[in-house]
2 protein chains.
Amino acid sequence: MQSFHPPRRILMGPGPSDVSPRVLAALARPTIGHLDPAFQSLMEEIKSSLGRLFNAPDHACVPLPAPGTAGMEAAIMNLLEPGDRAVIAINGAFGGRMADMADRAGAEVTKVEFDWGLPVDPHQIEEALKSGPVKVLAFVHAETSTGVRSDAATLCGLARKYGALSIVDCVTSLGGITVDVAAWDADVVYSGTQKCLSAPPGLSPIALSPRAQKAITGRKTKVRNWLLDFNLLMSYWGGEGGRTYHHTAPINALYGLHESLVALFEEGQQAVMVRHARTHEALAAGLEAMGLKFLVAEASRLPQLNTILVPEGVDEAAVRAHVLKAWDLELGAGLGPLKGKVWRIGLMGSSATPWHVRLCLTALAEALAAQGFKADVAAAQAAADAKLID
Amino acid sequence: MQSFHPPRRILMGPGPSDVSPRVLAALARPTIGHLDPAFQSLMEEIKSSLGRLFNAPDHACVPLPAPGTAGMEAAIMNLLEPGDRAVIAINGAFGGRMADMADRAGAEVTKVEFDWGLPVDPHQIEEALKSGPVKVLAFVHAETSTGVRSDAATLCGLARKYGALSIVDCVTSLGGITVDVAAWDADVVYSGTQKCLSAPPGLSPIALSPRAQKAITGRKTKVRNWLLDFNLLMSYWGGEGGRTYHHTAPINALYGLHESLVALFEEGQQAVMVRHARTHEALAAGLEAMGLKFLVAEASRLPQLNTILVPEGVDEAAVRAHVLKAWDLELGAGLGPLKGKVWRIGLMGSSATPWHVRLCLTALAEALAAQGFKADVAAAQAAADAKLID
């Protein structure tokens, strides 16, 4: 057994995205204790910068000590008690996961399902909300399995109208497109670190509204999880009146998240979103010039996750294997019903740059040519460049 | 908001322990995808080296993607269903936590309680096991809140005798004292990375026996956690037949764990335990020469966690504040009923060295002197040295 030295990779799948050298360097700073006064000030900075990033000044914002799925599980398990009714929108893999978790929480689950590749339709959600008292409406803002954006503002508004608490999965959206928790008046919103924040996977930033906190402290039964029970977590992360030991925070991972937030605010939240939008437009123009098509209609596309239909006669996995081998480039496969039918191309965080766009077009054109699908790579690059050069 | 640069610290609390430069360097290696073939081989090496470290050749061994408490929660939540009976030994904070979790799993919990500072008494456990069918016996091998070792071999033997599955908390023991899962015939054994393995906090290595796996696949109800449901986790970590997407593994944290395992096997498992034992003997001799006393009787002491009674008239917190400020040295406080009454001094992993012992004795003597408690530091160092020099 020897030290592990990872191969060189360029990450353009659905996450993790490329982690910048400054964030990698932060991970390697010496570990200190999780009760150290210096660590406490780091925690406070992370909490307040997450509040700024979510635009959630009145919410409690903390990073949970586990991957993005922990945010989902914390939201569902803390808000739902046995017998509560939950309406869950399913338009991809992650909505389905929410429904499974709500079932484990003992809730009565009403699933509202949509074809993969479509956004959540607010009209169908309203029908479900109308049919009786609903404790929680849960949906995915940016479906990582399909590359679709749903209308979070409208859906959260419907939750408010019918007296339900909203849970919004922003794992793939935070830092890439607008996430405005205050404007949405959303209750529980969570994300991951390995997408548009470009920190390594392993943490889940989450925001809880005062309404959600009140619902949690007023529960009749204990939360079914211990590690993710907000009644316990908030006294560990809560600044005033000292902290109560709960778990041992993942110190070095938090150094990395902190540094990725410093970098994001240095560049500017708006500038980061513009960068995501521009690189997406360039990639889309290039791919279309090559004769490739998107799964998702233009109005609902996520700039940071481009889901491309595999042309007839092309072997999906062989193309990914080719670009990985010849170009060190990772692209994502399809999940569930989209397996073998799409590629998922991420332009997230540090991976949303013009050179990622150019590399991807060239590598993909070469791999497609090896499969007999001829694509004009010069035309593709020219189409992309036209979007990148003012 | 600026980049965070941690202060220099020497970590001799109850964890995290000092992380070596080689493990810190491993954390900073470039992130690759969690479905990358190269990452798959890293996972296989981690699985097999954990099997070797636990001495659990027939168990499934994986690192859970969250701190040590996740191992506890996974063990309890996967083995217990509503109505199952669990006998839980409580001789410190972590036994109490297990009972809380078992209650959340819907189990009928029989608590067997002991004074903090005592090991679990097998006779009292046997009485509880005798009184009816028991699904699970859970106990803590090395109580981090008190510094006590319990007799895991005898307790696991009792579980087998009465047809119960055993859950053994080895968060603080793994890598510091003998953990022999095969000899104990234990069912679910878990640990953390930030104690004697000297990797940063954030992961929880766990081992499951074939009996435990059978009990989990044969459950009548779904596991109440999703992220820690072994039915889902094992197909993500399972090597044969490909992996099923579950969560996104914390890639860089796993680089760190891998490197800490490489370092441990380079030094040798036996040599590492001898180092823990010798530095403990030196520290104990030095502390006793200073007139300080242990909470725990010699036969049950953990070498890696030394719980020292605060002398009368000495302000516990002031001493810790002094050594942190003047010596950059972190010592641990007491928890629960031991708050203000003890210090917990860790000699874990990279923190178990002769110079840590010497530094601790000098710093502690200085801080005690500032409180009016005179200690002969030269005699203390001589007593420690006598144990370190052959």
# chains A, B, ... in the order shown; residues from 1 in each chain; ligands from 1
$ select_by_dssp --residues "region 137-334 of chain A" --states "strand (DSSP E or B)" --output "tab-separated table (two decimals) with C-alpha atoms, in the first residue's frame"
chain	number	residue	atom	x	y	z
A	137	LEU	CA	-43.95	21.18	-0.10
A	138	ALA	CA	-40.59	19.90	-1.31
A	139	PHE	CA	-39.03	20.32	-4.73
A	140	VAL	CA	-35.68	20.56	-6.51
A	142	ALA	CA	-31.93	22.62	-10.14
A	143	GLU	CA	-32.34	18.91	-10.98
A	148	VAL	CA	-33.66	21.47	-15.46
A	149	ARG	CA	-34.44	24.63	-13.50
A	165	LEU	CA	-43.41	24.94	4.73
A	166	SER	CA	-41.19	24.83	1.64
A	167	ILE	CA	-38.06	22.70	1.19
A	168	VAL	CA	-35.91	23.69	-1.79
A	169	ASP	CA	-32.99	21.59	-3.06
A	174	LEU	CA	-26.20	27.77	-5.33
A	177	ILE	CA	-27.74	30.84	-10.81
A	188	VAL	CA	-35.46	25.19	4.29
A	189	VAL	CA	-32.91	25.50	1.51
A	190	TYR	CA	-29.79	23.37	1.22
A	204	SER	CA	-24.00	20.61	2.97
A	205	PRO	CA	-24.78	24.29	3.59
A	206	ILE	CA	-28.35	24.73	4.82
A	207	ALA	CA	-30.62	27.69	5.67
A	208	LEU	CA	-33.64	27.50	8.02
A	294	PHE	CA	-30.19	19.44	-25.52
A	301	ARG	CA	-31.88	24.96	-18.94
A	302	LEU	CA	-29.34	25.22	-16.18
A	305	LEU	CA	-25.39	21.51	-16.15
A	306	ASN	CA	-25.89	20.79	-19.83
A	307	THR	CA	-27.73	17.60	-20.66
A	308	ILE	CA	-27.02	16.52	-24.22
A	309	LEU	CA	-28.85	13.78	-26.13
A	329	LEU	CA	-11.78	15.00	-19.18
A	330	GLU	CA	-14.62	13.72	-17.00
A	331	LEU	CA	-18.17	14.06	-18.38
A	332	GLY	CA	-21.26	12.73	-16.62
A	333	ALA	CA	-23.51	9.84	-17.63
$ closest_atom_pairs --of "chain B" --to "chain A" --cutoff "8 Å" --atoms "only C-alpha atoms" --output "tab-separated table"
residue	atom	partner	partner_atom	distance
B:Met1	CA	A:Val262	CA	6.3
B:Gln2	CA	A:Val262	CA	6.2
B:Ser3	CA	A:Glu259	CA	5.8
B:Phe4	CA	A:Tyr255	CA	7.1
B:His5	CA	A:Arg29	CA	7.3
B:Pro6	CA	A:Pro30	CA	6.9
B:Pro7	CA	A:Ala38	CA	7.3
B:Arg8	CA	A:Pro30	CA	7.6
B:Arg9	CA	A:Ile32	CA	6.3
B:Leu11	CA	A:Gly33	CA	7.1
B:Gly15	CA	A:Gly33	CA	7.3
B:Pro16	CA	A:Gly33	CA	6.0
B:Asp18	CA	A:Thr31	CA	6.9
B:Val19	CA	A:Thr31	CA	6.4
B:Leu24	CA	A:Ala28	CA	4.6
B:Ala25	CA	A:Ala28	CA	5.8
B:Ala26	CA	A:Ala28	CA	7.8
B:Leu27	CA	A:Ala28	CA	5.8
B:Ala28	CA	A:Leu24	CA	4.6
B:Arg29	CA	A:Leu24	CA	6.9
B:Pro30	CA	A:Pro6	CA	6.9
B:Thr31	CA	A:Val19	CA	6.4
B:Ile32	CA	A:Arg9	CA	6.3
B:Gly33	CA	A:Pro16	CA	6.0
B:His34	CA	A:Pro16	CA	7.8
B:Ala38	CA	A:Pro6	CA	7.0
B:Phe39	CA	A:Pro6	CA	7.8
B:Leu42	CA	A:Phe4	CA	7.3
B:Glu45	CA	A:Met1	CA	7.5
B:Pro65	CA	A:Ala66	CA	6.0
B:Ala66	CA	A:Ala66	CA	5.0
B:Pro67	CA	A:Thr248	CA	6.5
B:Gly68	CA	A:His247	CA	7.8
B:Thr69	CA	A:His247	CA	6.5
B:Ala70	CA	A:Leu227	CA	6.7
B:Glu73	CA	A:Trp226	CA	7.1
B:Met101	CA	A:Trp226	CA	6.3
B:Arg104	CA	A:Arg224	CA	5.2
B:Ala105	CA	A:Arg224	CA	6.8
B:Pro200	CA	A:Asn252	CA	6.5
B:Pro201	CA	A:Pro250	CA	4.8
B:Gly202	CA	A:Pro250	CA	4.5
B:Lys222	CA	A:Arg104	CA	6.7
B:Val223	CA	A:Arg104	CA	7.2
B:Arg224	CA	A:Arg104	CA	5.2
B:Asn225	CA	A:Asn225	CA	6.6
B:Trp226	CA	A:Met101	CA	6.3
B:Leu227	CA	A:Ala70	CA	6.7
B:His247	CA	A:Thr69	CA	6.5
B:Thr248	CA	A:Pro201	CA	6.5
B:Ala249	CA	A:Pro201	CA	6.6
B:Pro250	CA	A:Gly202	CA	4.5
B:Ile251	CA	A:Pro201	CA	6.5
B:Asn252	CA	A:Pro200	CA	6.5
B:Ala253	CA	A:Ala253	CA	7.5
B:Tyr255	CA	A:Phe4	CA	7.0
B:His258	CA	A:Ser3	CA	7.5
B:Glu259	CA	A:Ser3	CA	5.8
B:Val262	CA	A:Gln2	CA	6.2
B:Glu330	CA	A:Gly33	CA	7.5
$ write_last_selection --atoms "C-alpha atoms" --output "short mmCIF file (atom, residue, chain, number, x, y, z; two decimals), in the first residue's frame"
data_model
loop_
_atom_site.label_atom_id
_atom_site.label_comp_id
_atom_site.auth_asym_id
_atom_site.auth_seq_id
_atom_site.Cartn_x
_atom_site.Cartn_y
_atom_site.Cartn_z
CA MET B 1 -13.64 38.33 4.75
CA GLN B 2 -10.16 36.95 4.28
CA SER B 3 -8.44 33.58 3.96
CA PHE B 4 -8.29 31.75 7.28
CA HIS B 5 -4.87 30.92 8.68
CA PRO B 6 -5.19 28.77 11.78
CA PRO B 7 -2.98 29.52 14.79
CA ARG B 8 -0.23 27.06 15.66
CA ARG B 9 -1.59 24.43 18.05
CA LEU B 11 -3.44 19.02 20.07
CA GLY B 15 -9.48 14.67 19.50
CA PRO B 16 -8.73 15.92 16.95
CA ASP B 18 -2.14 16.46 15.58
CA VAL B 19 -2.40 15.72 11.87
CA LEU B 24 -2.26 17.33 5.36
CA ALA B 25 -0.43 17.19 2.03
CA ALA B 26 -2.63 14.31 0.88
CA LEU B 27 -5.77 16.37 1.59
CA ALA B 28 -4.58 18.99 -0.89
CA ARG B 29 -4.15 16.65 -3.87
CA PRO B 30 -6.43 17.55 -6.78
CA THR B 31 -10.02 16.41 -6.45
CA ILE B 32 -11.13 13.74 -8.92
CA GLY B 33 -14.63 12.39 -9.59
CA HIS B 34 -16.16 9.88 -7.18
CA ALA B 38 -8.78 5.73 -10.08
CA PHE B 39 -11.03 6.67 -7.18
CA LEU B 42 -8.57 4.12 -3.75
CA GLU B 45 -7.50 0.04 -0.77
CA PRO B 65 -18.98 10.14 4.93
CA ALA B 66 -19.52 11.96 8.25
CA PRO B 67 -17.89 12.24 11.72
CA GLY B 68 -17.62 9.34 14.21
CA THR B 69 -21.14 9.87 15.49
CA ALA B 70 -22.35 8.76 12.06
CA GLU B 73 -26.02 6.27 14.27
CA MET B 101 -30.40 7.03 19.21
CA ARG B 104 -35.19 7.32 17.98
CA ALA B 105 -34.99 4.00 16.13
CA PRO B 200 -8.84 15.22 10.26
CA PRO B 201 -12.34 14.70 11.67
CA GLY B 202 -15.14 13.96 9.21
CA LYS B 222 -36.95 0.68 6.09
CA VAL B 223 -33.96 2.08 7.98
CA ARG B 224 -34.98 5.49 9.32
CA ASN B 225 -31.91 7.21 7.87
CA TRP B 226 -31.33 7.38 4.14
CA LEU B 227 -27.69 8.54 4.01
CA HIS B 247 -24.03 10.09 -2.36
CA THR B 248 -20.89 11.91 -3.49
CA ALA B 249 -18.01 10.60 -1.42
CA PRO B 250 -15.86 13.22 0.37
CA ILE B 251 -12.92 12.67 -2.00
CA ASN B 252 -10.21 14.78 -0.36
CA ALA B 253 -11.05 13.62 3.15
CA TYR B 255 -7.17 10.98 0.47
CA HIS B 258 -5.80 6.71 3.04
CA GLU B 259 -2.50 8.46 3.76
CA VAL B 262 -0.38 4.09 4.77
CA GLU B 330 -4.90 22.27 23.68
#
$ residues_around --residues "Ala369 (chain B)" --least-positions-apart "4" --cutoff "12 Å" --atoms "only C-alpha atoms" --output "PyMOL selection string"
chain B and resi 290+311+313-315+318-319+322-323+362-365+373-377
$ closest_residue --among "A:Ile125, A:Ala370, A:Ala56, A:Ala317" --to "Asp180 (chain A)" --atoms "only C-alpha atoms"
A:Ala56
$ residues_around --residues "Gly163 (chain A)" --least-positions-apart "3" --cutoff "9 Å" --atoms "only C-alpha atoms" --output "list in words"
Pro133, Val134, Lys135, Val136, Leu158, Ala159 and Arg160 of chain A
$ write_last_selection --atoms "N, CA and C atoms" --output "compact mmCIF listing (two decimals), in the first residue's frame"
# COMPACT_ATOMS: atom_id res chain seq x y z
N PRO A 133 -54.87 19.79 4.17
CA PRO A 133 -53.75 20.43 4.87
C PRO A 133 -52.42 19.73 4.55
N VAL A 134 -51.44 20.52 4.20
CA VAL A 134 -50.13 20.00 3.83
C VAL A 134 -49.08 20.67 4.71
N LYS A 135 -48.22 19.86 5.33
CA LYS A 135 -47.18 20.42 6.20
C LYS A 135 -46.00 20.95 5.39
N VAL A 136 -45.63 20.18 4.35
CA VAL A 136 -44.40 20.50 3.61
C VAL A 136 -44.60 20.34 2.10
N LEU A 158 -46.60 29.35 -3.61
CA LEU A 158 -47.74 28.44 -3.44
C LEU A 158 -47.72 27.78 -2.06
N ALA A 159 -46.53 27.41 -1.61
CA ALA A 159 -46.43 26.82 -0.27
C ALA A 159 -46.98 27.80 0.76
N ARG A 160 -46.57 29.08 0.66
CA ARG A 160 -47.05 30.09 1.61
C ARG A 160 -48.57 30.23 1.52
$ select_by_dssp --residues "region 52-301 of chain B" --states "alpha helix (DSSP H)" --output "ChimeraX atom specification"
/B:52-54,68-79,93-104,122-130,152-161,181-184,210-217,230-237,251-267,269-289
$ atom_distance --atom1 "CA of Lys214 (chain B)" --atom2 "CA of Asp187 (chain B)"
10.9 Å
$ residues_around --residues "Ala284 (chain A)" --least-positions-apart "6" --cutoff "12 Å" --atoms "only C-alpha atoms" --output "PyMOL selection string"
chain A and resi 277-278+290-296+298+301-308+345-347+357-358+360-361+380-381+383-388
$ write_last_selection --atoms "C-alpha atoms" --output "PDB file, in the first residue's frame"
ATOM      1  CA  ALA A 277     -24.191  32.108 -18.122  1.00  0.00           C
ATOM      2  CA  ARG A 278     -21.569  33.106 -20.707  1.00  0.00           C
ATOM      3  CA  MET A 290     -21.727  20.191 -33.986  1.00  0.00           C
ATOM      4  CA  GLY A 291     -25.281  18.947 -34.520  1.00  0.00           C
ATOM      5  CA  LEU A 292     -25.936  17.952 -30.914  1.00  0.00           C
ATOM      6  CA  LYS A 293     -29.216  18.647 -29.098  1.00  0.00           C
ATOM      7  CA  PHE A 294     -30.188  19.441 -25.517  1.00  0.00           C
ATOM      8  CA  LEU A 295     -32.646  17.316 -23.528  1.00  0.00           C
ATOM      9  CA  VAL A 296     -34.136  20.421 -21.939  1.00  0.00           C
ATOM     10  CA  GLU A 298     -33.993  26.528 -23.634  1.00  0.00           C
ATOM     11  CA  ARG A 301     -31.884  24.959 -18.943  1.00  0.00           C
ATOM     12  CA  LEU A 302     -29.345  25.219 -16.181  1.00  0.00           C
ATOM     13  CA  PRO A 303     -26.203  26.977 -17.437  1.00  0.00           C
ATOM     14  CA  GLN A 304     -24.071  24.924 -15.045  1.00  0.00           C
ATOM     15  CA  LEU A 305     -25.388  21.511 -16.150  1.00  0.00           C
ATOM     16  CA  ASN A 306     -25.887  20.791 -19.830  1.00  0.00           C
ATOM     17  CA  THR A 307     -27.729  17.597 -20.658  1.00  0.00           C
ATOM     18  CA  ILE A 308     -27.019  16.521 -24.225  1.00  0.00           C
ATOM     19  CA  ILE A 345     -21.705  18.348 -19.011  1.00  0.00           C
ATOM     20  CA  GLY A 346     -20.992  20.512 -16.006  1.00  0.00           C
ATOM     21  CA  LEU A 347     -19.770  24.108 -16.125  1.00  0.00           C
ATOM     22  CA  VAL A 357     -15.614  25.069 -23.130  1.00  0.00           C
ATOM     23  CA  ARG A 358     -12.972  24.818 -25.858  1.00  0.00           C
ATOM     24  CA  CYS A 360     -14.818  19.984 -24.145  1.00  0.00           C
ATOM     25  CA  LEU A 361     -15.822  20.772 -27.734  1.00  0.00           C
ATOM     26  CA  ALA A 380     -18.071  24.577 -33.138  1.00  0.00           C
ATOM     27  CA  GLN A 381     -15.122  26.544 -31.737  1.00  0.00           C
ATOM     28  CA  ALA A 383     -19.626  29.461 -32.636  1.00  0.00           C
ATOM     29  CA  ALA A 384     -18.433  29.227 -29.037  1.00  0.00           C
ATOM     30  CA  ASP A 385     -15.867  31.994 -29.480  1.00  0.00           C
ATOM     31  CA  ALA A 386     -18.521  34.288 -30.901  1.00  0.00           C
ATOM     32  CA  LYS A 387     -20.305  34.100 -27.559  1.00  0.00           C
ATOM     33  CA  LEU A 388     -17.144  34.627 -25.524  1.00  0.00           C
TER      34      LEU A 388
END
